[in-house]
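Trainee: Next up, my_file-v8.cif (mmCIF, C-alpha atoms).
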data_start
#
loop_
_atom_site.label_atom_id
_atom_site.label_comp_id
_atom_site.auth_asym_id
_atom_site.auth_seq_id
_atom_site.Cartn_x
_atom_site.Cartn_y
_atom_site.Cartn_z
CA MET A 1 -25.04 -4.73 -27.18
CA ILE A 2 -22.37 -2.19 -26.27
CA ASP A 3 -25.05 0.13 -25.08
CA THR A 4 -26.47 -2.37 -22.59
CA LYS A 5 -22.96 -2.86 -21.24
CA ARG A 6 -22.69 0.86 -20.73
CA ARG A 7 -25.90 0.83 -18.73
CA ILE A 8 -24.61 -1.96 -16.53
CA LEU A 9 -21.36 -0.09 -16.05
CA LEU A 10 -23.22 3.04 -14.98
CA LYS A 11 -25.30 1.09 -12.50
CA GLY A 12 -22.15 -0.55 -11.27
CA SER A 13 -20.43 2.74 -10.68
CA LEU A 14 -23.36 4.05 -8.65
CA GLY A 15 -23.18 0.93 -6.52
CA ALA A 16 -19.48 1.55 -6.06
CA GLY A 17 -20.36 4.54 -3.88
CA ALA A 18 -21.15 2.13 -1.06
CA ILE A 19 -17.78 0.47 -1.43
CA GLY A 20 -16.19 3.90 -1.33
CA VAL A 21 -17.77 4.50 2.06
CA ALA A 22 -16.46 1.16 3.26
CA VAL A 23 -12.95 2.06 2.15
CA GLY A 24 -13.24 5.45 3.80
CA ALA A 25 -14.24 3.81 7.06
CA GLY A 26 -11.18 1.64 6.90
CA LEU A 27 -13.13 -1.56 6.45
CA LEU A 28 -11.34 -2.32 3.24
CA THR A 29 -7.73 -1.35 3.15
CA PRO A 30 -6.15 -0.99 -0.26
CA ARG A 31 -3.42 -3.55 -0.29
CA ALA A 32 -0.29 -3.86 -2.31
CA VAL A 33 -0.92 -7.07 -4.16
CA LEU A 34 2.16 -6.87 -6.32
CA ALA A 35 5.51 -6.85 -4.65
CA ASP A 36 7.34 -5.24 -7.53
CA TRP A 37 4.83 -2.52 -8.34
CA PRO A 38 6.81 0.66 -7.54
CA ALA A 39 4.22 2.42 -5.38
CA ALA A 40 6.56 5.22 -4.27
CA ALA A 41 7.49 6.12 -7.83
CA PHE A 42 3.87 6.24 -8.92
CA LYS A 43 2.94 8.41 -5.91
CA ALA A 44 5.84 10.83 -6.40
CA GLU A 45 4.65 14.33 -7.16
CA ASP A 46 7.52 15.45 -9.32
CA GLN A 47 9.37 13.91 -12.20
CA ALA A 48 12.80 13.80 -10.54
CA SER A 49 11.74 11.85 -7.49
CA ALA A 50 9.56 9.52 -9.56
CA LEU A 51 12.56 8.66 -11.72
CA LYS A 52 14.83 8.25 -8.71
CA ASP A 53 12.38 5.87 -7.10
CA LEU A 54 11.79 3.94 -10.28
CA LEU A 55 15.18 3.82 -11.98
CA GLY A 56 17.56 4.88 -9.24
CA SER A 57 18.59 8.09 -10.97
CA ASP A 58 17.07 11.25 -12.39
CA ALA A 59 20.02 12.06 -14.62
CA VAL A 60 18.28 12.07 -17.98
CA GLU A 61 19.89 13.10 -21.20
CA ALA A 62 17.81 14.38 -24.09
CA SER A 63 18.47 12.22 -27.12
CA ASP A 64 17.23 12.15 -30.68
CA LYS A 65 17.42 8.38 -30.57
CA VAL A 66 14.23 8.44 -28.55
CA LYS A 67 11.15 9.30 -30.55
CA ILE A 68 7.88 10.23 -28.94
CA LYS A 69 4.67 10.62 -30.86
CA ALA A 70 1.71 12.43 -29.35
CA PRO A 71 -0.85 14.90 -30.70
CA ASP A 72 -0.06 18.65 -30.69
CA ILE A 73 -3.50 19.34 -29.32
CA ALA A 74 -5.52 16.82 -27.32
CA GLU A 75 -9.19 17.72 -27.29
CA ASN A 76 -9.83 15.20 -24.55
CA GLY A 77 -7.17 14.90 -21.87
CA ALA A 78 -8.62 11.57 -20.76
CA VAL A 79 -7.42 9.87 -23.91
CA VAL A 80 -4.08 11.03 -25.29
CA PRO A 81 -2.40 8.52 -27.61
CA VAL A 82 1.33 8.28 -27.00
CA THR A 83 3.86 6.18 -28.90
CA VAL A 84 7.48 5.87 -27.84
CA GLU A 85 10.21 4.33 -29.95
CA ALA A 86 13.93 4.16 -29.30
CA ASP A 87 16.77 3.38 -31.65
CA VAL A 88 19.14 1.94 -29.06
CA GLU A 89 20.64 -1.43 -28.23
CA GLY A 90 19.84 -3.12 -24.97
CA ALA A 91 17.05 -0.82 -23.79
CA LYS A 92 15.73 -2.14 -20.49
CA SER A 93 12.64 -0.09 -19.93
CA ILE A 94 10.51 2.73 -21.26
CA SER A 95 8.74 5.13 -18.91
CA ILE A 96 6.05 7.61 -19.83
CA ILE A 97 5.60 10.79 -17.80
CA ALA A 98 2.95 13.51 -18.09
CA SER A 99 4.78 16.36 -16.39
CA GLY A 100 1.65 18.37 -15.62
CA ASN A 101 -0.16 15.63 -13.70
CA ASN A 102 -0.32 15.48 -9.90
CA THR A 103 1.57 12.20 -10.04
CA PRO A 104 3.56 12.53 -13.26
CA LEU A 105 4.66 8.94 -13.73
CA ILE A 106 2.03 7.26 -15.88
CA ALA A 107 3.52 3.96 -16.83
CA SER A 108 6.72 2.03 -17.07
CA PHE A 109 7.33 -0.83 -19.47
CA ASP A 110 10.00 -3.41 -18.67
CA LEU A 111 11.33 -4.87 -21.87
CA GLY A 112 12.17 -8.55 -22.10
CA GLU A 113 14.97 -10.09 -24.11
CA ASN A 114 13.20 -10.13 -27.43
CA ALA A 115 11.29 -6.90 -27.03
CA ILE A 116 11.91 -4.04 -29.41
CA PRO A 117 11.96 -0.63 -27.68
CA PHE A 118 8.54 0.38 -28.92
CA VAL A 119 5.37 0.96 -26.98
CA SER A 120 2.08 2.61 -27.75
CA THR A 121 -0.73 3.37 -25.34
CA ARG A 122 -3.23 6.04 -24.32
CA ILE A 123 -2.81 8.21 -21.25
CA LYS A 124 -4.68 10.80 -19.18
CA MET A 125 -3.41 14.35 -18.93
CA ALA A 126 -4.66 16.88 -16.39
CA LYS A 127 -3.50 19.94 -18.32
CA THR A 128 -1.30 21.26 -21.09
CA ALA A 129 2.18 19.94 -20.44
CA ASP A 130 5.11 18.01 -21.82
CA VAL A 131 4.86 14.28 -22.25
CA VAL A 132 8.26 12.83 -21.45
CA ALA A 133 9.58 9.44 -22.49
CA VAL A 134 12.54 8.06 -20.59
CA VAL A 135 14.38 5.04 -21.97
CA GLN A 136 16.70 3.12 -19.68
CA THR A 137 19.76 1.98 -21.62
CA PRO A 138 23.15 0.57 -20.63
CA ASP A 139 24.54 4.08 -21.24
CA GLY A 140 22.12 5.83 -18.91
CA LEU A 141 18.70 7.38 -19.23
CA LEU A 142 17.78 8.89 -22.57
CA SER A 143 14.72 11.03 -22.95
CA ALA A 144 12.54 12.92 -25.37
CA SER A 145 9.62 15.17 -24.73
CA LYS A 146 6.69 16.53 -26.64
CA PRO A 147 4.41 19.39 -25.59
CA VAL A 148 0.73 18.50 -25.75
CA LYS A 149 -1.97 21.14 -25.46
CA VAL A 150 -4.94 19.84 -23.51
CA THR A 151 -8.28 21.56 -23.86
CA ILE A 152 -10.26 19.40 -21.40
CA GLY A 153 -8.39 17.79 -18.51
CA GLY A 154 -8.63 14.07 -17.94
CA CYS A 155 -7.92 13.72 -14.24
CA GLY A 156 -10.37 14.60 -11.51
CA GLY A 157 -13.09 17.06 -12.47
CA MET B 1 -16.09 -14.71 -17.06
CA ALA B 2 -15.00 -14.67 -20.63
CA SER B 3 -11.85 -12.74 -21.27
CA ASN B 4 -12.25 -9.07 -22.03
CA ILE B 5 -8.87 -8.64 -23.63
CA LYS B 6 -8.75 -8.28 -27.37
CA ILE B 7 -5.45 -9.16 -28.95
CA ARG B 8 -4.18 -8.91 -32.51
CA ALA B 9 -0.69 -10.07 -33.33
CA LYS B 10 0.96 -9.98 -36.71
CA VAL B 11 4.44 -10.94 -37.81
CA SER B 12 6.24 -9.26 -40.68
CA ASP B 13 9.96 -9.36 -41.49
CA GLY B 14 10.70 -11.19 -38.26
CA VAL B 15 9.08 -8.55 -36.09
CA THR B 16 5.83 -9.30 -34.34
CA THR B 17 3.53 -6.39 -33.59
CA VAL B 18 0.94 -6.97 -30.89
CA LYS B 19 -2.03 -4.68 -30.34
CA SER B 20 -4.37 -5.20 -27.44
CA LEU B 21 -7.40 -3.61 -25.89
CA MET B 22 -8.40 -4.30 -22.31
CA SER B 23 -11.64 -3.52 -20.61
CA HIS B 24 -11.17 -1.66 -17.33
CA VAL B 25 -12.52 1.48 -15.59
CA MET B 26 -9.02 2.79 -14.69
CA GLU B 27 -10.21 5.03 -11.83
CA THR B 28 -7.43 7.24 -10.46
CA GLY B 29 -9.09 7.70 -7.08
CA LEU B 30 -9.10 11.47 -7.63
CA ARG B 31 -12.54 11.75 -9.21
CA LYS B 32 -15.65 12.48 -7.21
CA ASP B 33 -19.11 11.08 -7.69
CA LYS B 34 -21.09 13.89 -9.36
CA GLU B 35 -24.24 13.26 -7.32
CA THR B 36 -22.97 12.47 -3.84
CA GLY B 37 -19.58 14.18 -3.93
CA ASP B 38 -17.96 11.05 -2.54
CA PRO B 39 -14.56 10.27 -3.98
CA ILE B 40 -14.60 7.33 -6.37
CA PRO B 41 -12.06 4.83 -5.06
CA ALA B 42 -8.99 4.09 -7.12
CA HIS B 43 -9.37 1.04 -9.30
CA PHE B 44 -6.78 0.59 -11.99
CA ILE B 45 -4.57 -2.01 -13.63
CA GLN B 46 -1.16 -2.13 -11.99
CA GLU B 47 0.66 -4.77 -13.94
CA VAL B 48 0.30 -6.23 -17.41
CA THR B 49 2.38 -9.24 -18.38
CA CYS B 50 2.81 -10.06 -22.05
CA LYS B 51 4.05 -13.48 -22.95
CA TRP B 52 5.10 -15.13 -26.17
CA LYS B 53 5.24 -18.92 -25.90
CA ASP B 54 5.54 -18.70 -22.07
CA GLN B 55 8.43 -16.25 -22.32
CA VAL B 56 7.82 -12.78 -20.86
CA VAL B 57 8.35 -10.23 -23.61
CA MET B 58 7.21 -7.19 -21.69
CA THR B 59 5.85 -6.23 -18.29
CA ALA B 60 3.94 -2.99 -18.06
CA LEU B 61 3.61 -1.22 -14.72
CA TRP B 62 0.75 1.24 -14.74
CA SER B 63 -0.77 3.96 -12.63
CA GLY B 64 -4.30 5.34 -12.86
CA GLY B 65 -2.90 7.72 -15.47
CA VAL B 66 -3.47 5.22 -18.24
CA SER B 67 -6.76 5.84 -20.02
CA LYS B 68 -9.94 3.90 -19.38
CA ASN B 69 -10.20 0.68 -21.38
CA PRO B 70 -6.46 0.69 -21.99
CA TYR B 71 -4.85 0.21 -25.36
CA LEU B 72 -1.40 -1.30 -25.47
CA SER B 73 0.81 -2.06 -28.42
CA PHE B 74 4.33 -3.47 -28.42
CA LYS B 75 6.76 -5.23 -30.73
CA PHE B 76 9.25 -8.03 -30.38
CA GLU B 77 11.70 -9.97 -32.49
CA GLY B 78 10.89 -13.51 -33.47
CA GLY B 79 7.48 -15.05 -33.50
CA GLU B 80 5.95 -17.30 -36.10
CA PRO B 81 2.40 -17.48 -37.34
CA GLY B 82 0.48 -19.71 -34.94
CA ASP B 83 2.57 -18.89 -31.86
CA LEU B 84 0.57 -18.06 -28.79
CA ILE B 85 0.56 -14.55 -27.30
CA GLU B 86 -0.81 -14.28 -23.80
CA ILE B 87 -1.63 -11.08 -21.93
CA THR B 88 -2.55 -10.98 -18.24
CA TRP B 89 -3.37 -7.97 -16.06
CA VAL B 90 -3.73 -7.54 -12.32
CA ASP B 91 -5.35 -4.46 -10.79
CA ASN B 92 -5.02 -2.75 -7.41
CA LYS B 93 -7.95 -4.72 -6.02
CA GLY B 94 -6.30 -8.00 -6.92
CA GLU B 95 -8.68 -8.73 -9.77
CA SER B 96 -7.17 -10.12 -12.91
CA ASP B 97 -7.95 -11.18 -16.43
CA SER B 98 -6.02 -12.80 -19.19
CA GLY B 99 -6.45 -13.39 -22.87
CA SER B 100 -4.56 -15.05 -25.65
CA ALA B 101 -4.33 -15.04 -29.40
CA GLU B 102 -2.27 -16.67 -32.10
CA ILE B 103 0.11 -14.68 -34.25
CA SER B 104 -1.22 -14.32 -37.78
#
Could you spell out this file's structure in structure tokens?
Mentor:
Amino acid sequence: MIDTKRRILLKGSLGAGAIGVAVGAGLLTPRAVLADWPAAAFKAEDQASALKDLLGSDAVEASDKVKIKAPDIAENGAVVPVTVEADVEGAKSISIIASGNNTPLIASFDLGENAIPFVSTRIKMAKTADVVAVVQTPDGLLSASKPVKVTIGGCGG
Amino acid sequence: MASNIKIRAKVSDGVTTVKSLMSHVMETGLRKDKETGDPIPAHFIQEVTCKWKDQVVMTALWSGGVSKNPYLSFKFEGGEPGDLIEITWVDNKGESDSGSAEIS
């Protein structure tokens, strides 16, 4: 069952080549469908400008209240599990940054009223680098980082 | 199309833990087709909205740096068995999907 899906997916991705040509020719323009998706922050090529675009400041303070969990060695850079947890009151958002990637900002999670500052996901890493978690709190930006050794990169290739 | 989002939600000691798995290619736009050398266009989830009883608990903003078939887990206070959790994503092509599950 899963295997047939894989086949369909492969066929689909071959077909996507034609769409790629159409995009290249300017027939299909990628559009910003979401007004609040911070395109500039996600396109930023360094951590400081990504944070400035996203949170309005790059003044981060390392804190042991922020805990980041990631493997020491990632055999496959395409799938690196990352868990971020913060022991702070009133955290507004959690951002995850892979400092070695071309566009370091991976994801940002806006926390609602009831949310607990905890998030777990899987990210792509281009090369061995620090994974940085930035938690936006009423007292400023708190961060923690964790070096992850990547043996096979997960971006491009 | 049937929803391709798998959701598990469990409450314990007043804290609900939600785990979800979405089905998406998450193309960064940086990869090239191995046969033709053409770049594979970017196609990734940009926004994920997680709701508990119609209240937004968390909004995730993503780039193509999130792995293919994304996994997302989060926690929130409150929640009772039987409450509805709803997760919706929208990608950069404007496609979307949503799924829901009851807290157990």
Trainee: Using only C-alpha atoms, find the residues of chain B whose closest atom to chain A is at most 7 Å away, then write them as a list in words.
Mentor: Leu30, Arg31, Ile40, Pro41, Val56, Val57, Met58, Thr59, Ala60, Leu61, Trp62, Ser63, Gly65, Val66, Ser67, Pro70, Tyr71, Leu72, Ser73, Phe74, Lys75, Phe76, Glu77, Asn92 and Gly94 of chain B
Trainee: Evaluate the PyMOL selection byres ((chain A and resi 138-142) around 6) and record the selected residues as a PyMOL selection string, following the chain and residue labels used in the document.
Mentor: chain A and resi 60-63+134-137+143
Trainee: As a check of understanding, name the residues that the PyMOL selection byres ((chain B and resi 3) around 12) selects in the supplied structure, as a PyMOL selection string.
Mentor: chain B and resi 1-2+4-7+21-24+86-89+96-101
Trainee: Enter the distance from CA of Ile73 in chain A to CA of Lys146 in chain A, in Å, rounded to one decimal.
Mentor: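 These two atoms are separated by 10.9 Å.
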Trainee: Report the residues retrieved by the PyMOL selection byres ((chain B and resi 84) around 8) from the displayed file, expressed as a PDB file with C-alpha atoms, in the frame of the given file.
Mentor:
ATOM      1  CA  TRP B  52       5.100 -15.130 -26.170  1.00  0.00           C
ATOM      2  CA  LYS B  53       5.240 -18.920 -25.900  1.00  0.00           C
ATOM      3  CA  GLY B  82       0.480 -19.710 -34.940  1.00  0.00           C
ATOM      4  CA  ASP B  83       2.570 -18.890 -31.860  1.00  0.00           C
ATOM      5  CA  ILE B  85       0.560 -14.550 -27.300  1.00  0.00           C
ATOM      6  CA  GLU B  86      -0.810 -14.280 -23.800  1.00  0.00           C
ATOM      7  CA  SER B 100      -4.560 -15.050 -25.650  1.00  0.00           C
ATOM      8  CA  ALA B 101      -4.330 -15.040 -29.400  1.00  0.00           C
ATOM      9  CA  GLU B 102      -2.270 -16.670 -32.100  1.00  0.00           C
ATOM     10  CA  ILE B 103       0.110 -14.680 -34.250  1.00  0.00           C
TER      11      ILE B 103
END
Trainee: Between B:Glu47, B:Asp91, B:Asp54, B:Asp13, which one has atoms that come closest to Glu27 in chain B, using all atoms listed in the file?
Mentor: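 Using all atoms listed in the file, the shortest distance to Glu27 in chain B belongs to B:Asp91.
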Trainee: Find the residues around Ala9 in chain B up to 7 Å (all atoms listed in the file counted), leave out those fewer than 5 positions away in its own chain, and share them as a PyMOL selection string.
Mentor: chain B and resi 16-19+102-104
Trainee: Take CA of Ala144 in chain A and CA of Gly29 in chain B and report the distance between them in Å, one decimal.
Mentor: 28.8 Å
